[in-house]
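Here's target-v7.cif, which has mmCIF, C-alpha atoms and all ligand atoms:
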data_data
loop_
_atom_site.group_PDB
_atom_site.id
_atom_site.type_symbol
_atom_site.label_atom_id
_atom_site.label_comp_id
_atom_site.auth_asym_id
_atom_site.auth_seq_id
_atom_site.Cartn_x
_atom_site.Cartn_y
_atom_site.Cartn_z
ATOM 1 C CA MET T 106 21.022 38.596 120.263
ATOM 2 C CA SER T 107 17.585 38.321 118.633
ATOM 3 C CA LYS T 108 14.810 40.767 119.410
ATOM 4 C CA GLY T 109 11.901 39.437 121.452
ATOM 5 C CA GLN T 110 8.519 38.485 120.060
ATOM 6 C CA LEU T 111 5.386 40.464 120.647
ATOM 7 C CA ILE T 112 2.536 38.102 121.495
ATOM 8 C CA VAL T 113 -1.105 39.107 121.623
ATOM 9 C CA LEU T 114 -3.625 36.949 123.442
ATOM 10 C CA SER T 115 -7.378 37.549 123.351
ATOM 11 C CA GLY T 116 -10.404 35.562 124.389
ATOM 12 C CA PRO T 117 -13.773 36.066 126.031
ATOM 13 C CA SER T 118 -14.422 36.352 129.729
ATOM 14 C CA GLY T 119 -14.746 32.871 131.257
ATOM 15 C CA VAL T 120 -12.493 31.118 128.775
ATOM 16 C CA GLY T 121 -9.683 30.629 131.302
ATOM 17 C CA LYS T 122 -7.315 33.144 129.783
ATOM 18 C CA SER T 123 -5.777 34.329 133.054
ATOM 19 C CA SER T 124 -4.987 30.775 134.189
ATOM 20 C CA ILE T 125 -3.369 30.070 130.834
ATOM 21 C CA VAL T 126 -1.372 33.313 130.999
ATOM 22 C CA LYS T 127 -0.218 32.417 134.525
ATOM 23 C CA LYS T 128 1.027 28.977 133.433
ATOM 24 C CA VAL T 129 2.730 30.365 130.343
ATOM 25 C CA MET T 130 4.509 33.025 132.440
ATOM 26 C CA GLU T 131 5.708 30.375 134.912
ATOM 27 C CA ARG T 132 7.157 28.258 132.163
ATOM 28 C CA HIS T 133 8.792 30.903 129.968
ATOM 29 C CA PRO T 134 11.620 32.676 131.798
ATOM 30 C CA LYS T 135 12.174 35.353 129.143
ATOM 31 C CA LEU T 136 8.577 36.460 128.875
ATOM 32 C CA ARG T 137 7.279 39.735 130.252
ATOM 33 C CA PHE T 138 3.640 40.578 130.804
ATOM 34 C CA SER T 139 2.605 43.963 129.484
ATOM 35 C CA VAL T 140 0.918 45.902 132.288
ATOM 36 C CA SER T 141 -1.973 47.904 130.842
ATOM 37 C CA ALA T 142 -3.436 51.186 131.975
ATOM 38 C CA THR T 143 -7.119 51.107 132.856
ATOM 39 C CA THR T 144 -9.797 53.408 134.212
ATOM 40 C CA ARG T 145 -11.693 50.578 135.872
ATOM 41 C CA GLU T 146 -11.878 50.108 139.630
ATOM 42 C CA LYS T 147 -9.260 47.954 141.292
ATOM 43 C CA ARG T 148 -10.625 44.534 142.313
ATOM 44 C CA PRO T 149 -9.663 42.831 145.589
ATOM 45 C CA GLY T 150 -6.217 41.312 145.320
ATOM 46 C CA GLU T 151 -5.129 43.447 142.398
ATOM 47 C CA VAL T 152 -1.958 45.473 142.785
ATOM 48 C CA ASP T 153 -1.374 48.820 141.091
ATOM 49 C CA GLY T 154 1.549 48.555 138.695
ATOM 50 C CA VAL T 155 1.379 44.743 138.639
ATOM 51 C CA SER T 156 -2.143 43.828 137.494
ATOM 52 C CA TYR T 157 -2.756 47.191 135.857
ATOM 53 C CA TYR T 158 -1.881 50.839 136.213
ATOM 54 C CA PHE T 159 -5.127 52.153 137.661
ATOM 55 C CA VAL T 160 -5.585 55.673 136.340
ATOM 56 C CA SER T 161 -8.270 58.367 136.101
ATOM 57 C CA ARG T 162 -10.114 59.116 132.844
ATOM 58 C CA GLU T 163 -8.122 62.357 132.595
ATOM 59 C CA ALA T 164 -4.770 60.640 133.007
ATOM 60 C CA PHE T 165 -5.826 58.041 130.443
ATOM 61 C CA GLN T 166 -6.828 60.748 127.978
ATOM 62 C CA THR T 167 -3.447 62.426 128.425
ATOM 63 C CA MET T 168 -1.689 59.151 127.565
ATOM 64 C CA VAL T 169 -3.799 58.902 124.399
ATOM 65 C CA GLU T 170 -3.064 62.509 123.410
ATOM 66 C CA ARG T 171 0.666 62.012 123.943
ATOM 67 C CA ASP T 172 0.517 58.898 121.780
ATOM 68 C CA GLU T 173 1.980 56.809 124.607
ATOM 69 C CA LEU T 174 -0.290 53.846 123.978
ATOM 70 C CA LEU T 175 0.324 51.190 121.355
ATOM 71 C CA GLU T 176 -3.419 50.551 121.343
ATOM 72 C CA HIS T 177 -6.424 51.442 123.416
ATOM 73 C CA ALA T 178 -10.084 50.530 123.569
ATOM 74 C CA GLU T 179 -13.220 50.881 125.597
ATOM 75 C CA TYR T 180 -14.552 47.672 127.115
ATOM 76 C CA VAL T 181 -17.623 47.466 129.362
ATOM 77 C CA GLU T 182 -17.567 51.236 129.931
ATOM 78 C CA ASN T 183 -13.913 51.381 130.932
ATOM 79 C CA CYS T 184 -10.808 52.373 129.009
ATOM 80 C CA TYR T 185 -7.861 50.027 128.616
ATOM 81 C CA GLY T 186 -4.574 50.684 126.863
ATOM 82 C CA THR T 187 -1.085 49.277 126.363
ATOM 83 C CA PRO T 188 1.850 51.603 127.158
ATOM 84 C CA ALA T 189 4.221 51.344 124.188
ATOM 85 C CA LYS T 190 7.572 52.281 125.749
ATOM 86 C CA PRO T 191 8.034 49.380 128.207
ATOM 87 C CA ILE T 192 7.179 46.949 125.425
ATOM 88 C CA ASP T 193 9.801 48.276 123.053
ATOM 89 C CA GLU T 194 12.423 48.377 125.790
ATOM 90 C CA ALA T 195 11.745 44.734 126.703
ATOM 91 C CA LEU T 196 11.694 43.580 123.066
ATOM 92 C CA ASP T 197 15.028 45.308 122.434
ATOM 93 C CA LEU T 198 16.505 43.462 125.408
ATOM 94 C CA GLY T 199 15.425 40.173 123.856
ATOM 95 C CA TYR T 200 12.408 39.531 126.067
ATOM 96 C CA ASP T 201 9.166 38.244 124.604
ATOM 97 C CA VAL T 202 6.220 40.387 125.620
ATOM 98 C CA LEU T 203 2.706 39.093 126.204
ATOM 99 C CA LEU T 204 -0.334 41.330 125.770
ATOM 100 C CA ASP T 205 -3.639 40.138 127.218
ATOM 101 C CA ILE T 206 -6.027 42.482 125.437
ATOM 102 C CA GLU T 207 -9.512 42.481 123.980
ATOM 103 C CA VAL T 208 -10.257 42.255 120.258
ATOM 104 C CA GLN T 209 -10.490 45.928 119.223
ATOM 105 C CA GLY T 210 -7.078 46.615 120.719
ATOM 106 C CA ALA T 211 -5.687 43.456 119.112
ATOM 107 C CA MET T 212 -6.830 44.726 115.696
ATOM 108 C CA GLN T 213 -4.860 47.946 116.289
ATOM 109 C CA VAL T 214 -1.740 45.971 117.233
ATOM 110 C CA MET T 215 -2.073 43.843 114.065
ATOM 111 C CA GLU T 216 -2.184 47.065 112.066
ATOM 112 C CA ARG T 217 0.722 48.785 113.794
ATOM 113 C CA ARG T 218 2.902 45.740 114.491
ATOM 114 C CA PRO T 219 2.274 43.217 111.691
ATOM 115 C CA GLU T 220 5.101 41.036 113.040
ATOM 116 C CA ALA T 221 3.152 40.391 116.290
ATOM 117 C CA VAL T 222 2.003 36.821 116.862
ATOM 118 C CA THR T 223 -1.715 36.790 117.626
ATOM 119 C CA ILE T 224 -3.596 34.061 119.458
ATOM 120 C CA PHE T 225 -7.314 33.773 120.137
ATOM 121 C CA ILE T 226 -8.415 31.543 123.007
ATOM 122 C CA ALA T 227 -11.856 29.992 122.656
ATOM 123 C CA ALA T 228 -13.925 27.518 124.657
ATOM 124 C CA PRO T 229 -14.677 24.107 123.080
ATOM 125 C CA SER T 230 -18.255 25.264 122.504
ATOM 126 C CA PHE T 231 -20.469 28.198 123.279
ATOM 127 C CA ALA T 232 -22.600 26.030 125.558
ATOM 128 C CA GLU T 233 -19.464 25.230 127.519
ATOM 129 C CA LEU T 234 -18.568 28.914 127.826
ATOM 130 C CA GLU T 235 -22.060 29.584 129.154
ATOM 131 C CA ARG T 236 -21.670 26.753 131.675
ATOM 132 C CA ARG T 237 -18.344 28.177 132.866
ATOM 133 C CA LEU T 238 -19.733 31.661 133.285
ATOM 134 C CA THR T 239 -22.789 30.362 135.144
ATOM 135 C CA GLY T 240 -20.694 27.985 137.246
ATOM 136 C CA ARG T 241 -18.750 30.866 138.783
ATOM 137 C CA GLY T 242 -21.819 31.452 140.896
ATOM 138 C CA ASP T 243 -20.916 35.051 141.669
ATOM 139 C CA THR T 244 -22.581 36.733 138.749
ATOM 140 C CA ALA T 245 -26.166 37.861 138.217
ATOM 141 C CA PRO T 246 -28.058 36.304 135.255
ATOM 142 C CA ASP T 247 -28.278 39.560 133.283
ATOM 143 C CA LYS T 248 -24.506 40.025 133.714
ATOM 144 C CA ILE T 249 -23.944 36.518 132.371
ATOM 145 C CA ARG T 250 -26.206 37.280 129.413
ATOM 146 C CA LYS T 251 -24.235 40.462 128.702
ATOM 147 C CA ARG T 252 -20.926 38.594 128.892
ATOM 148 C CA LEU T 253 -22.231 36.006 126.441
ATOM 149 C CA GLU T 254 -23.345 38.723 124.023
ATOM 150 C CA THR T 255 -19.892 40.291 124.285
ATOM 151 C CA ALA T 256 -18.293 36.875 123.766
ATOM 152 C CA ARG T 257 -20.343 36.357 120.581
ATOM 153 C CA ARG T 258 -19.095 39.666 119.235
ATOM 154 C CA GLU T 259 -15.532 38.788 120.207
ATOM 155 C CA TYR T 260 -15.744 35.409 118.459
ATOM 156 C CA THR T 261 -16.433 37.167 115.132
ATOM 157 C CA PHE T 262 -12.841 38.489 115.298
ATOM 158 C CA ALA T 263 -11.265 35.054 115.857
ATOM 159 C CA PRO T 264 -10.637 34.346 112.117
ATOM 160 C CA ARG T 265 -8.278 37.331 111.969
ATOM 161 C CA TYR T 266 -5.862 35.876 114.513
ATOM 162 C CA ASP T 267 -2.824 33.807 113.488
ATOM 163 C CA TYR T 268 -3.612 30.985 115.916
ATOM 164 C CA LEU T 269 -6.629 29.544 117.672
ATOM 165 C CA VAL T 270 -6.199 27.723 120.975
ATOM 166 C CA ILE T 271 -9.143 25.777 122.358
ATOM 167 C CA SER T 272 -9.242 25.912 126.113
ATOM 168 C CA GLU T 273 -10.707 22.517 127.078
ATOM 169 C CA THR T 274 -12.278 22.335 130.507
ATOM 170 C CA GLY T 275 -9.718 21.430 133.182
ATOM 171 C CA LYS T 276 -6.857 21.380 130.691
ATOM 172 C CA VAL T 277 -4.988 24.600 131.386
ATOM 173 C CA GLU T 278 -1.625 22.860 131.039
ATOM 174 C CA GLU T 279 -2.437 21.673 127.505
ATOM 175 C CA ALA T 280 -3.578 25.133 126.412
ATOM 176 C CA ALA T 281 -0.404 26.641 127.918
ATOM 177 C CA ASP T 282 1.644 24.015 125.996
ATOM 178 C CA GLU T 283 0.049 25.189 122.764
ATOM 179 C CA VAL T 284 0.724 28.843 123.488
ATOM 180 C CA LEU T 285 4.365 28.046 124.344
ATOM 181 C CA SER T 286 4.724 26.039 121.114
ATOM 182 C CA ILE T 287 3.387 28.970 119.121
ATOM 183 C CA ILE T 288 5.917 31.291 120.762
ATOM 184 C CA LYS T 289 8.715 28.832 120.037
ATOM 185 C CA ALA T 290 7.661 28.539 116.394
ATOM 186 C CA ALA T 291 7.602 32.327 116.091
ATOM 187 C CA HIS T 292 11.259 32.432 117.123
ATOM 188 C CA CYS T 293 12.090 29.943 114.380
ATOM 189 C CA ARG T 294 10.602 32.127 111.639
ATOM 190 C CA THR T 295 13.169 32.666 108.921
ATOM 191 C CA GLU T 296 13.037 36.424 109.351
ATOM 192 C CA ASN T 297 14.106 36.009 112.980
ATOM 193 C CA ARG T 298 16.902 33.574 112.185
ATOM 194 C CA ILE T 299 18.272 34.782 108.881
ATOM 195 C CA HIS T 300 21.097 36.675 110.579
ATOM 196 C CA TYR T 301 22.684 33.305 111.343
ATOM 197 C CA LEU T 302 23.283 32.912 107.611
ATOM 198 C CA LYS T 303 24.813 36.349 107.182
ATOM 199 C CA GLU T 304 28.153 34.971 106.044
ATOM 200 C CA GLU T 305 26.674 32.394 103.731
ATOM 201 C CA LEU T 306 24.241 34.525 101.805
HETATM 202 P P1 LIG H 1 -10.632 42.933 133.118
HETATM 203 O O1 LIG H 1 -11.279 44.249 133.426
HETATM 204 O O2 LIG H 1 -11.545 41.771 133.370
HETATM 205 O O3 LIG H 1 -9.289 42.791 133.761
HETATM 206 O O4 LIG H 1 -10.359 42.923 131.546
HETATM 207 C C1 LIG H 1 -11.394 43.099 130.642
HETATM 208 C C2 LIG H 1 -10.874 42.923 129.222
HETATM 209 O O5 LIG H 1 -9.956 43.960 128.898
HETATM 210 C C3 LIG H 1 -10.120 41.611 128.998
HETATM 211 O O6 LIG H 1 -10.597 41.031 127.784
HETATM 212 C C4 LIG H 1 -8.683 42.043 128.832
HETATM 213 O O7 LIG H 1 -7.985 41.184 127.939
HETATM 214 C C5 LIG H 1 -8.847 43.410 128.232
HETATM 215 N N1 LIG H 1 -7.679 44.278 128.403
HETATM 216 C C6 LIG H 1 -6.822 44.347 129.436
HETATM 217 N N2 LIG H 1 -5.861 45.248 129.194
HETATM 218 C C7 LIG H 1 -6.103 45.766 127.976
HETATM 219 C C8 LIG H 1 -5.451 46.743 127.156
HETATM 220 O O8 LIG H 1 -4.422 47.319 127.486
HETATM 221 N N3 LIG H 1 -6.007 47.004 125.957
HETATM 222 C C9 LIG H 1 -7.127 46.390 125.515
HETATM 223 N N4 LIG H 1 -7.573 46.716 124.299
HETATM 224 N N5 LIG H 1 -7.770 45.470 126.250
HETATM 225 C C10 LIG H 1 -7.265 45.165 127.464
#
Write out the structure in this file as structure tokens.
Ligand code: 5GP
Amino acid sequence: MSKGQLIVLSGPSGVGKSSIVKKVMERHPKLRFSVSATTREKRPGEVDGVSYYFVSREAFQTMVERDELLEHAEYVENCYGTPAKPIDEALDLGYDVLLDIEVQGAMQVMERRPEAVTIFIAAPSFAELERRLTGRGDTAPDKIRKRLETARREYTFAPRYDYLVISETGKVEEAADEVLSIIKAAHCRTENRIHYLKEEL
């Protein structure tokens, strides 16, 4: 049995990342979502242990000190990190594992796990991203401005990712198709298939 693929997905707030992740999860039976630890407050509808592990700053710090996190970063005044153990267990069982993390954490994963497949999700244009953030209607103008500033910073990391998926408005299915194709291609990499030729080489 082949080991699973580690897949890293990043993209700014408002780009439609969670809808894409949801579709990809529905369509890929051997894909597990990596549940991160975070110090941020739980939002309505979120479930501890499913959306995130909601932890205190102290508990988070202990995880960092014990080197239990594959990566961690601070984002909008909260800490986020990826527990390493569940990922390795799933990969060893042949499951692909999807990380939905911001750019600083993604850079750490690229460093520590060079075999990871990294995907940046962007909007078709910055104007469109602004429209989407404004269109949500639940966010104050200065919050929207801050999110756009953050998005600009995040975009500067996009060239370092292996793949770029453009999330066209209303086309979640198409973006999910692209992500699934990338995952499929990763499985076909020679290094992941070479064991088939063991006898011949
Ligand atoms: P939110 O608080 O809106 O759920 O997530 C905010 C940002 O944190 C998103 O860009 C999300 O991808 C990122 N994020 C979630 N979990 C992790 C993590 O474990 N590590 C890092 N570096 N970023 C994360």
Name the residues that the PyMOL selection byres (((chain T and resi 214) around 10) and not hetatm) pulls out of this structure, and write them as a short mmCIF file (atom, residue, chain, number, x, y, z; two decimals) with C-alpha atoms, in the coordinates of the input.
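Final output, selection.cif:
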data_model
loop_
_atom_site.label_atom_id
_atom_site.label_comp_id
_atom_site.auth_asym_id
_atom_site.auth_seq_id
_atom_site.Cartn_x
_atom_site.Cartn_y
_atom_site.Cartn_z
CA LEU T 111 5.39 40.46 120.65
CA ILE T 112 2.54 38.10 121.50
CA VAL T 113 -1.10 39.11 121.62
CA LEU T 175 0.32 51.19 121.36
CA GLU T 176 -3.42 50.55 121.34
CA HIS T 177 -6.42 51.44 123.42
CA THR T 187 -1.08 49.28 126.36
CA LEU T 204 -0.33 41.33 125.77
CA ILE T 206 -6.03 42.48 125.44
CA VAL T 208 -10.26 42.26 120.26
CA GLN T 209 -10.49 45.93 119.22
CA GLY T 210 -7.08 46.62 120.72
CA ALA T 211 -5.69 43.46 119.11
CA MET T 212 -6.83 44.73 115.70
CA GLN T 213 -4.86 47.95 116.29
CA MET T 215 -2.07 43.84 114.06
CA GLU T 216 -2.18 47.06 112.07
CA ARG T 217 0.72 48.78 113.79
CA ARG T 218 2.90 45.74 114.49
CA PRO T 219 2.27 43.22 111.69
CA GLU T 220 5.10 41.04 113.04
CA ALA T 221 3.15 40.39 116.29
CA VAL T 222 2.00 36.82 116.86
CA THR T 223 -1.72 36.79 117.63
#
With a cut-off of 9 Å, could you pull out the residues of chain T touching ligand LIG 1 (chain H) and give me the nearest pair of atoms for each, distance in Å to one decimal, using all atoms listed in the file, ordered by chain and ascending number, as a Markdown table?
| residue | atom | partner | partner_atom | distance |
| --- | --- | --- | --- | --- |
| T:Leu114 | CA | H:LIG1 | O7 | 7.6 |
| T:Ser115 | CA | H:LIG1 | O7 | 5.9 |
| T:Gly116 | CA | H:LIG1 | O6 | 6.4 |
| T:Pro117 | CA | H:LIG1 | O6 | 6.1 |
| T:Ser118 | CA | H:LIG1 | O6 | 6.3 |
| T:Lys122 | CA | H:LIG1 | O7 | 8.3 |
| T:Ser123 | CA | H:LIG1 | O7 | 8.8 |
| T:Ser139 | CA | H:LIG1 | O8 | 8.0 |
| T:Val140 | CA | H:LIG1 | O8 | 7.3 |
| T:Ser141 | CA | H:LIG1 | O8 | 4.2 |
| T:Ala142 | CA | H:LIG1 | O8 | 6.0 |
| T:Thr143 | CA | H:LIG1 | N2 | 7.0 |
| T:Arg145 | CA | H:LIG1 | O1 | 6.8 |
| T:Glu146 | CA | H:LIG1 | O1 | 8.6 |
| T:Lys147 | CA | H:LIG1 | O1 | 8.9 |
| T:Arg148 | CA | H:LIG1 | O3 | 8.8 |
| T:Ser156 | CA | H:LIG1 | O3 | 8.1 |
| T:Tyr157 | CA | H:LIG1 | N2 | 7.6 |
| T:Leu174 | CA | H:LIG1 | O8 | 8.5 |
| T:Leu175 | CA | H:LIG1 | O8 | 8.7 |
| T:Glu176 | CA | H:LIG1 | N3 | 6.4 |
| T:His177 | CA | H:LIG1 | N4 | 4.9 |
| T:Ala178 | CA | H:LIG1 | N4 | 4.6 |
| T:Glu179 | CA | H:LIG1 | N4 | 7.1 |
| T:Tyr180 | CA | H:LIG1 | O5 | 6.2 |
| T:Val181 | CA | H:LIG1 | C1 | 7.7 |
| T:Asn183 | CA | H:LIG1 | O1 | 8.0 |
| T:Cys184 | CA | H:LIG1 | N3 | 7.8 |
| T:Tyr185 | CA | H:LIG1 | C8 | 4.3 |
| T:Gly186 | CA | H:LIG1 | O8 | 3.4 |
| T:Thr187 | CA | H:LIG1 | O8 | 4.0 |
| T:Pro188 | CA | H:LIG1 | O8 | 7.6 |
| T:Leu204 | CA | H:LIG1 | O8 | 7.5 |
| T:Asp205 | CA | H:LIG1 | O7 | 4.5 |
| T:Ile206 | CA | H:LIG1 | O7 | 3.4 |
| T:Glu207 | CA | H:LIG1 | N5 | 4.1 |
| T:Val208 | CA | H:LIG1 | N4 | 6.6 |
| T:Gln209 | CA | H:LIG1 | N4 | 5.9 |
| T:Gly210 | CA | H:LIG1 | N4 | 3.6 |
| T:Ala211 | CA | H:LIG1 | N4 | 6.4 |
| T:Met212 | CA | H:LIG1 | N4 | 8.9 |
| T:Gln213 | CA | H:LIG1 | N4 | 8.5 |
Store the residues picked out above, limited to C-alpha atoms, as an mmCIF file, in the coordinates of the input.
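What landed in out-v7.cif:
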data_model
loop_
_atom_site.group_PDB
_atom_site.id
_atom_site.type_symbol
_atom_site.label_atom_id
_atom_site.label_comp_id
_atom_site.auth_asym_id
_atom_site.auth_seq_id
_atom_site.Cartn_x
_atom_site.Cartn_y
_atom_site.Cartn_z
ATOM 1 C CA LEU T 114 -3.625 36.949 123.442
ATOM 2 C CA SER T 115 -7.378 37.549 123.351
ATOM 3 C CA GLY T 116 -10.404 35.562 124.389
ATOM 4 C CA PRO T 117 -13.773 36.066 126.031
ATOM 5 C CA SER T 118 -14.422 36.352 129.729
ATOM 6 C CA LYS T 122 -7.315 33.144 129.783
ATOM 7 C CA SER T 123 -5.777 34.329 133.054
ATOM 8 C CA SER T 139 2.605 43.963 129.484
ATOM 9 C CA VAL T 140 0.918 45.902 132.288
ATOM 10 C CA SER T 141 -1.973 47.904 130.842
ATOM 11 C CA ALA T 142 -3.436 51.186 131.975
ATOM 12 C CA THR T 143 -7.119 51.107 132.856
ATOM 13 C CA ARG T 145 -11.693 50.578 135.872
ATOM 14 C CA GLU T 146 -11.878 50.108 139.630
ATOM 15 C CA LYS T 147 -9.260 47.954 141.292
ATOM 16 C CA ARG T 148 -10.625 44.534 142.313
ATOM 17 C CA SER T 156 -2.143 43.828 137.494
ATOM 18 C CA TYR T 157 -2.756 47.191 135.857
ATOM 19 C CA LEU T 174 -0.290 53.846 123.978
ATOM 20 C CA LEU T 175 0.324 51.190 121.355
ATOM 21 C CA GLU T 176 -3.419 50.551 121.343
ATOM 22 C CA HIS T 177 -6.424 51.442 123.416
ATOM 23 C CA ALA T 178 -10.084 50.530 123.569
ATOM 24 C CA GLU T 179 -13.220 50.881 125.597
ATOM 25 C CA TYR T 180 -14.552 47.672 127.115
ATOM 26 C CA VAL T 181 -17.623 47.466 129.362
ATOM 27 C CA ASN T 183 -13.913 51.381 130.932
ATOM 28 C CA CYS T 184 -10.808 52.373 129.009
ATOM 29 C CA TYR T 185 -7.861 50.027 128.616
ATOM 30 C CA GLY T 186 -4.574 50.684 126.863
ATOM 31 C CA THR T 187 -1.085 49.277 126.363
ATOM 32 C CA PRO T 188 1.850 51.603 127.158
ATOM 33 C CA LEU T 204 -0.334 41.330 125.770
ATOM 34 C CA ASP T 205 -3.639 40.138 127.218
ATOM 35 C CA ILE T 206 -6.027 42.482 125.437
ATOM 36 C CA GLU T 207 -9.512 42.481 123.980
ATOM 37 C CA VAL T 208 -10.257 42.255 120.258
ATOM 38 C CA GLN T 209 -10.490 45.928 119.223
ATOM 39 C CA GLY T 210 -7.078 46.615 120.719
ATOM 40 C CA ALA T 211 -5.687 43.456 119.112
ATOM 41 C CA MET T 212 -6.830 44.726 115.696
ATOM 42 C CA GLN T 213 -4.860 47.946 116.289
#
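Atom CA of Arg137 of chain T lies 6.6 Å from atom CA of Tyr200 of chain T.
Each of T:Glu304, T:Ala232, T:Asp201, T:Arg162 was compared to His292 of chain T using only C-alpha atoms, and T:Asp201 turns out to be the nearest.
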Hey, can you check how far atom CA of Arg236 of chain T sits from atom CA of Arg250 of chain T? 11.7 Å
